[in-house]
>>> print(open('data_39.cif').read())   # mmCIF, C-alpha atoms
data_protein
#
loop_
_atom_site.label_atom_id
_atom_site.label_comp_id
_atom_site.auth_asym_id
_atom_site.auth_seq_id
_atom_site.Cartn_x
_atom_site.Cartn_y
_atom_site.Cartn_z
CA MET A 18 18.12 124.20 14.35
CA SER A 19 15.64 121.58 13.71
CA GLY A 20 13.37 124.07 11.89
CA ASN A 21 16.07 125.18 9.55
CA GLY A 22 17.79 121.88 8.71
CA PRO A 23 17.51 120.25 5.31
CA VAL A 24 14.40 118.39 4.49
CA GLU A 25 14.77 114.58 4.31
CA GLY A 26 15.10 113.25 0.89
CA VAL A 27 15.94 116.63 -0.67
CA ALA A 28 19.52 117.19 -1.81
CA ALA A 29 21.24 120.42 -1.15
CA GLY A 30 21.81 122.89 -3.85
CA GLY A 31 18.81 122.26 -6.14
CA GLY A 32 17.60 118.86 -5.00
CA VAL A 33 14.09 120.13 -4.65
CA SER A 34 13.67 120.68 -8.35
CA ALA A 35 15.05 117.24 -9.20
CA THR A 36 12.67 115.58 -6.84
CA VAL A 37 9.66 117.41 -8.23
CA GLU A 38 10.55 116.62 -11.85
CA GLY A 39 11.00 112.93 -11.04
CA ALA A 40 7.57 112.80 -9.58
CA GLY A 41 6.01 114.54 -12.61
CA GLY A 42 7.83 112.19 -15.02
CA ARG A 43 6.45 109.16 -13.23
CA SER A 44 2.94 110.57 -13.40
CA ARG A 45 3.10 111.17 -17.21
CA ALA A 46 4.53 107.77 -18.21
CA PRO A 47 1.18 105.85 -18.28
CA TRP A 48 -0.33 108.44 -20.56
CA ARG A 49 2.56 108.06 -22.94
CA VAL A 50 2.05 104.30 -22.97
CA LEU A 51 -1.67 104.76 -23.53
CA THR A 52 -1.04 107.20 -26.40
CA VAL A 53 1.34 104.77 -28.08
CA ALA A 54 -1.15 101.93 -27.64
CA VAL A 55 -3.96 103.99 -29.15
CA ALA A 56 -1.77 104.99 -32.08
CA LEU A 57 -0.77 101.36 -32.61
CA LEU A 58 -4.41 100.30 -32.50
CA VAL A 59 -5.30 102.90 -35.11
CA VAL A 60 -2.48 101.67 -37.34
CA LEU A 61 -3.64 98.09 -36.92
CA LEU A 62 -7.23 98.99 -37.75
CA VAL A 63 -6.12 100.74 -40.91
CA TRP A 64 -3.55 98.15 -41.98
CA HIS A 65 -5.50 94.92 -41.23
CA PRO A 66 -2.43 92.72 -41.08
CA TRP A 67 -4.65 89.76 -40.30
CA ALA A 68 -6.45 90.12 -43.63
CA GLY A 69 -3.41 88.99 -45.60
CA THR A 70 -2.50 90.42 -48.98
CA PRO A 71 -5.37 92.47 -50.37
CA GLN A 72 -7.13 90.67 -53.19
CA PRO A 73 -8.86 92.46 -56.02
CA PRO A 74 -12.61 92.28 -55.80
CA PRO A 75 -13.93 89.26 -57.69
CA SER A 76 -15.04 89.98 -61.19
CA PRO A 77 -18.75 89.46 -61.57
CA THR A 78 -19.57 86.20 -63.32
CA PRO A 79 -21.30 87.15 -66.56
CA THR A 80 -24.74 85.74 -66.94
CA PRO A 81 -24.70 83.63 -70.12
CA VAL A 82 -26.86 85.18 -72.76
CA GLU A 83 -28.80 82.57 -74.67
CA THR A 84 -28.24 83.12 -78.35
CA PRO A 85 -31.42 82.25 -80.23
CA THR A 86 -30.96 79.55 -82.81
CA PRO A 87 -31.66 81.16 -86.18
CA THR A 88 -34.69 79.75 -87.89
CA PRO A 89 -33.59 78.52 -91.28
CA THR A 90 -35.28 80.37 -94.08
CA PRO A 91 -37.08 77.77 -96.17
CA THR A 92 -35.74 77.52 -99.65
CA PRO A 93 -38.68 77.89 -102.01
CA SER A 94 -39.29 74.83 -104.10
CA PRO A 95 -38.63 75.48 -107.74
CA LYS A 96 -41.76 75.84 -109.75
CA ARG A 97 -42.42 72.81 -111.80
CA THR A 98 -42.05 73.66 -115.41
CA PRO A 99 -44.47 71.68 -117.52
CA VAL A 100 -42.54 69.19 -119.57
CA PRO A 101 -43.59 69.48 -123.17
CA THR A 102 -45.43 66.38 -124.19
CA ALA A 103 -43.93 64.86 -127.27
CA SER A 104 -46.35 64.65 -130.15
CA PRO A 105 -47.51 61.08 -130.76
CA PRO A 106 -46.42 59.32 -133.95
CA GLY A 107 -48.46 60.44 -136.93
CA SER A 108 -49.43 63.84 -135.55
CA ALA A 109 -48.42 65.38 -138.87
CA THR A 110 -49.81 62.55 -141.03
CA VAL A 111 -52.30 63.42 -143.74
CA PHE A 112 -54.61 60.53 -144.61
CA ASP A 113 -56.70 60.26 -147.74
CA ILE A 114 -59.58 57.86 -148.32
CA ALA A 115 -57.23 55.11 -149.52
CA THR A 116 -54.75 55.29 -146.64
CA ALA A 117 -57.55 55.84 -144.11
CA GLN A 118 -58.73 52.26 -144.68
CA GLY A 119 -55.99 51.12 -142.31
CA LEU A 120 -57.68 53.02 -139.45
CA PHE A 121 -60.70 50.71 -139.33
CA VAL A 122 -60.95 47.93 -136.76
CA THR A 123 -61.42 44.50 -138.35
CA ASP A 124 -64.27 42.12 -137.67
CA GLN A 125 -61.77 39.66 -136.17
CA GLN A 126 -60.61 42.23 -133.65
CA LEU A 127 -64.20 42.86 -132.61
CA VAL A 128 -64.78 39.14 -132.12
CA GLU A 129 -61.65 38.92 -129.97
CA THR A 130 -62.47 41.99 -127.90
CA ILE A 131 -66.26 42.07 -127.38
CA PRO A 132 -67.71 39.14 -125.39
CA ASP A 133 -71.14 39.39 -127.09
CA ALA A 134 -69.42 39.25 -130.49
CA ALA A 135 -67.54 36.02 -129.78
CA ALA A 136 -69.91 34.03 -132.01
CA GLY A 137 -69.17 36.31 -134.95
CA VAL A 138 -70.43 39.58 -136.46
CA ARG A 139 -72.09 40.58 -139.73
CA ARG A 140 -70.97 43.55 -141.76
CA THR A 141 -73.73 46.12 -142.27
CA ILE A 142 -71.73 49.09 -143.61
CA GLY A 143 -68.94 48.67 -146.13
CA PRO A 144 -66.50 51.11 -147.79
CA GLY A 145 -68.30 54.11 -149.25
CA GLN A 146 -71.78 52.91 -148.24
CA LEU A 147 -72.52 55.54 -145.61
CA ALA A 148 -72.55 59.23 -146.47
CA TRP A 149 -71.39 61.87 -144.03
CA GLY A 150 -74.03 63.79 -142.08
CA LEU A 151 -77.62 63.23 -141.01
CA PRO A 152 -80.08 61.19 -143.04
CA ALA A 153 -82.19 63.16 -145.49
CA GLY A 154 -84.82 65.19 -143.65
CA ALA A 155 -83.36 64.52 -140.20
CA SER A 156 -82.26 67.12 -137.69
CA VAL A 157 -80.83 67.24 -134.21
CA LEU A 158 -82.49 68.99 -131.29
CA PRO A 159 -81.15 71.18 -129.88
CA VAL A 160 -79.47 72.33 -133.07
CA SER A 161 -76.35 73.36 -131.14
CA CYS A 162 -75.72 69.67 -130.45
CA THR A 163 -75.63 68.62 -134.12
CA VAL A 164 -71.83 68.17 -134.10
CA ALA A 165 -72.24 65.53 -131.40
CA ARG A 166 -73.82 63.40 -134.16
CA THR A 167 -71.95 64.60 -137.26
CA VAL A 168 -68.43 65.21 -135.77
CA VAL A 169 -67.91 68.35 -137.88
CA GLU A 170 -70.28 71.12 -139.00
CA LEU A 171 -69.58 70.96 -142.73
CA SER A 172 -68.81 68.16 -145.14
CA PRO A 173 -65.17 67.18 -144.42
CA PRO A 174 -62.83 68.30 -147.21
CA GLY A 175 -60.60 65.23 -146.92
CA GLY A 176 -63.43 62.75 -147.21
CA TYR A 177 -65.46 60.45 -144.98
CA ASP A 178 -65.92 56.69 -144.65
CA ALA A 179 -67.48 54.23 -142.20
CA ARG A 180 -67.74 50.55 -141.23
CA GLY A 181 -70.57 48.82 -139.41
CA TYR A 182 -70.92 45.36 -137.82
CA THR A 183 -73.78 43.82 -135.92
CA THR A 184 -75.10 40.75 -134.13
CA ASP A 185 -78.60 40.07 -132.89
CA THR A 186 -77.94 42.21 -129.82
CA LEU A 187 -75.20 44.73 -130.62
CA VAL A 188 -74.05 47.21 -133.23
CA TRP A 189 -70.60 48.64 -133.92
CA VAL A 190 -70.14 51.69 -136.15
CA GLN A 191 -66.76 53.31 -136.82
CA GLU A 192 -66.42 56.56 -138.77
CA VAL A 193 -63.33 58.31 -140.14
CA THR A 194 -63.66 62.04 -140.84
CA LEU A 195 -60.76 63.59 -142.77
CA LEU A 196 -59.95 67.28 -142.48
CA ALA A 197 -57.71 69.28 -144.81
CA ASP A 198 -54.64 68.97 -142.57
CA PRO A 199 -53.67 68.13 -138.97
CA ALA A 200 -54.10 71.75 -137.80
CA ALA A 201 -57.68 71.84 -139.08
CA ALA A 202 -58.32 68.47 -137.47
CA ARG A 203 -57.08 69.72 -134.10
CA THR A 204 -59.41 72.71 -134.30
CA ALA A 205 -62.36 70.52 -135.25
CA PHE A 206 -61.56 68.04 -132.49
CA ALA A 207 -61.52 70.81 -129.89
CA ALA A 208 -64.92 72.04 -131.11
CA LEU A 209 -66.26 68.49 -130.96
CA VAL A 210 -65.10 68.00 -127.38
CA THR A 211 -66.75 71.29 -126.38
CA THR A 212 -70.03 70.25 -128.00
CA VAL A 213 -70.01 66.84 -126.34
CA ASP A 214 -69.42 68.45 -122.95
CA ARG A 215 -72.42 70.77 -123.24
CA CYS A 216 -74.82 68.21 -124.77
CA PRO A 217 -75.64 65.48 -122.25
CA GLU A 218 -78.88 64.80 -124.13
CA TYR A 219 -79.96 65.37 -127.71
CA ALA A 220 -82.44 63.88 -130.16
CA GLN A 221 -82.39 63.03 -133.84
CA VAL A 222 -85.79 63.65 -135.35
CA THR A 223 -86.95 61.90 -138.55
CA GLY A 224 -84.28 59.58 -139.76
CA THR A 225 -82.51 56.30 -139.13
CA ALA A 226 -80.94 56.00 -135.70
CA THR A 227 -77.60 54.23 -135.48
CA THR A 228 -78.79 51.53 -133.09
CA THR A 229 -79.90 47.92 -133.25
CA MET A 230 -83.54 49.04 -133.20
CA GLY A 231 -83.74 50.05 -136.85
CA THR A 232 -85.67 53.03 -138.22
CA ASP A 233 -87.71 55.36 -136.11
CA THR A 234 -88.88 58.94 -136.42
CA THR A 235 -87.09 59.94 -133.21
CA ALA A 236 -84.05 58.63 -131.38
CA THR A 237 -82.74 60.19 -128.19
CA TRP A 238 -79.14 60.00 -126.99
CA THR A 239 -78.37 60.50 -123.31
CA ALA A 240 -74.66 60.61 -122.52
CA ASP A 241 -72.56 60.74 -119.38
CA PRO A 242 -69.79 63.34 -119.20
CA ALA A 243 -66.91 62.37 -121.47
CA ILE A 244 -63.64 61.25 -119.92
CA GLU A 245 -60.21 61.61 -121.43
CA GLY A 246 -58.83 58.47 -123.01
CA GLN A 247 -55.57 56.97 -121.75
CA GLY A 248 -54.04 55.92 -125.06
CA LEU A 249 -51.30 57.32 -127.24
CA TYR A 250 -53.58 59.60 -129.24
CA PRO A 251 -55.90 62.32 -127.85
CA SER A 252 -59.35 60.87 -127.26
CA ILE A 253 -62.53 61.09 -125.21
CA VAL A 254 -64.97 58.33 -124.24
CA GLN A 255 -68.48 58.57 -122.82
CA SER A 256 -71.17 56.18 -121.75
CA LEU A 257 -74.26 56.44 -123.95
CA ARG A 258 -77.88 55.36 -123.80
CA THR A 259 -80.08 55.50 -126.89
CA THR A 260 -83.84 55.28 -126.84
CA ALA A 261 -85.67 54.50 -130.09
CA ALA A 262 -88.70 52.44 -131.15
CA GLY A 263 -89.57 51.91 -127.51
CA GLN A 264 -86.29 50.16 -126.69
CA ASP A 265 -83.11 51.19 -124.94
CA ALA A 266 -79.58 50.41 -126.01
CA VAL A 267 -76.54 51.05 -123.81
CA GLY A 268 -72.91 51.39 -124.75
CA TYR A 269 -70.16 53.87 -125.51
CA ARG A 270 -69.27 56.59 -128.00
CA ALA A 271 -65.70 57.86 -128.43
CA HIS A 272 -63.61 60.19 -130.59
CA LEU A 273 -59.87 60.02 -131.35
CA LEU A 274 -57.52 62.42 -133.14
CA VAL A 275 -54.62 61.26 -135.31
CA GLY A 276 -53.05 63.42 -137.99
CA ASN A 277 -55.81 64.98 -140.09
CA ALA A 278 -58.31 62.26 -139.09
CA ILE A 279 -60.97 62.16 -136.39
CA ILE A 280 -61.98 58.58 -135.66
CA THR A 281 -65.40 58.06 -134.06
CA TRP A 282 -66.66 54.73 -132.79
CA THR A 283 -69.99 53.78 -131.26
CA VAL A 284 -70.89 50.43 -129.77
CA GLN A 285 -74.26 49.63 -128.19
CA THR A 286 -76.15 46.57 -127.09
CA THR A 287 -79.68 45.55 -126.19
CA GLY A 288 -78.45 42.33 -124.60
CA ALA A 289 -79.48 41.34 -121.11
CA SER A 290 -75.90 41.64 -119.86
CA GLY A 291 -75.76 45.36 -120.78
CA THR A 292 -72.33 46.93 -121.07
CA ALA A 293 -70.80 43.86 -119.43
CA GLY A 294 -71.45 42.07 -122.73
CA LEU A 295 -69.32 44.70 -124.49
CA GLY A 296 -66.28 44.09 -122.33
CA PRO A 297 -64.11 46.76 -120.64
CA VAL A 298 -64.32 50.07 -122.44
CA ASP A 299 -60.55 50.47 -122.09
CA ASP A 300 -60.06 47.32 -124.17
CA LEU A 301 -62.29 48.71 -126.90
CA ALA A 302 -60.45 52.04 -126.89
CA ALA A 303 -57.10 50.24 -126.99
CA VAL A 304 -58.06 48.35 -130.15
CA VAL A 305 -58.84 51.62 -131.94
CA GLN A 306 -55.61 53.20 -130.67
CA ASP A 307 -53.63 50.21 -131.95
CA ARG A 308 -55.22 50.44 -135.38
CA ALA A 309 -54.36 54.15 -135.57
CA LEU A 310 -50.73 53.49 -134.73
CA ALA A 311 -50.54 50.63 -137.25
CA ALA A 312 -51.97 52.88 -139.98
CA VAL A 313 -49.41 55.58 -139.21
CA ARG A 314 -46.54 53.10 -139.34
CA ALA A 315 -47.82 51.67 -142.59
CA LEU A 316 -47.27 55.10 -144.16
CA GLY A 317 -43.66 55.09 -143.04
#
>>> encode(input="data_39.cif", output="structure tokens")
Amino acid sequence: MSGNGPVEGVAAGGGVSATVEGAGGRSRAPWRVLTVAVALLVVLLVWHPWAGTPQPPPSPTPTPVETPTPTPTPTPSPKRTPVPTASPPGSATVFDIATAQGLFVTDQQLVETIPDAAAGVRRTIGPGQLAWGLPAGASVLPVSCTVARTVVELSPPGGYDARGYTTDTLVWVQEVTLLADPAAARTAFAALVTTVDRCPEYAQVTGTATTTMGTDTTATWTADPAIEGQGLYPSIVQSLRTTAAGQDAVGYRAHLLVGNAIITWTVQTTGASGTAGLGPVDDLAAVVQDRALAAVRALG
């Protein structure tokens, strides 16, 4: 009996199967829990709930590009257009021998301007007393420098006149050479300036030199380069040294253009004070300029 009785803990009529299944179910439960845990872990790893709401990746901060400052293009300076110089009064004036008398500086003006003439001057050349050109038989060497002495190459068609004053130590000679018209005078003046520039030294052989030393067979003129005058009318002035009869005289020689006239003046001294006794050359030039303007105005 005891060998065939029911086993303890097993129910009759199919209790064995129920008991076996209960044991198997209890053995599989931890694996189910583990599977769920692993699945949950995978979900958490993918989801990242701790990371909060996903933010878009930050946009890269653009590196500022330095824009080069444009170099301003220099505006070219306008070319200076030469301003036409107005012609001085009297540029179209035509002088004759009578009206040209107003171009000569007076003895009183010389006394007031030249220190060595303060005691007074004597007239040595009056109207019509000096002929144009070189003295009879005289010549200039080199020949190409002749115009430096005569102002023009040929006898001037409008006429010629001169004035001369002197003291014991100085001489003043002013010449007026008249051309046919202002255009001819301008051409002659340009040729004169060219000759003066290329003739720093020339000699007059056989004749009377225009100095305080009187007559000699040879007189030599040595001149510094001419400078442009600063007055109203075109002019040039140069320092001059003349050697004749064994003596030297120093001074100035100048030429001025007004209308159809070329005015030439020469002043020299043998005084101990040299050119200082003649006063400033600009003062001398200004007196001649003033006389030219006065003569032009006198003609209306």
>>> resolve_selection(input="data_39.cif", expression="the PyMOL selection byres ((chain A and resi 200) around 12)", output="list in words")
Ser108, Ala109, Thr110, Val111, Leu195, Leu196, Ala197, Asp198, Pro199, Ala201, Ala202, Arg203, Thr204, Ala205, Phe206, Ala207, Leu274, Val275, Gly276, Asn277, Ala278 and Ile279 of chain A
>>> atom_distance(input="data_39.cif", atom1="CA of Pro297 in chain A", atom2="CA of Pro144 in chain A")
27.6 Å
>>> residues_near_point(input="data_39.cif", point="(-53.1, 51.9, -131.9)", cutoff="12 Å", atoms="all atoms listed in the file", output="number ranges by chain")
A: 105-107, 119-122, 247-252, 273-275, 280, 300-315
>>> atom_distance(input="data_39.cif", atom1="CA of Val193 in chain A", atom2="CA of Gln264 in chain A")
27.8 Å
>>> residues_around(input="data_39.cif", residues="Cys216 in chain A", least_positions_apart="5", cutoff="10 Å", atoms="all atoms listed in the file", output="ChimeraX atom specification")
/A:159,161-165,211,238-242
>>> axis_aligned_box(input="data_39.cif", around="range 122-128 of chain A", padding_each_side="5 Å", output="JSON")
{"center_x": -62.7, "center_y": 43.5, "center_z": -135.2, "size_x": 14.2, "size_y": 18.8, "size_z": 16.2}
>>> closest_residue(input="data_39.cif", among="A:Val284, A:Leu316, A:Val213, A:Ala134", to="Thr167 in chain A", atoms="all atoms listed in the file")
A:Val213
>>> atom_distance(input="data_39.cif", atom1="CA of Ala155 in chain A", atom2="CA of Val222 in chain A")
5.5 Å
>>> resolve_selection(input="data_39.cif", expression="the PyMOL selection byres ((chain A and resi 177) around 7)", output="number ranges by chain")
A: 149, 173, 176, 178, 193-195
>>> resolve_selection(input="data_39.cif", expression="the PyMOL selection byres ((chain A and resi 180) around 8)", output="PyMOL selection string")
chain A and resi 121+140-144+178-179+181-182+190-192
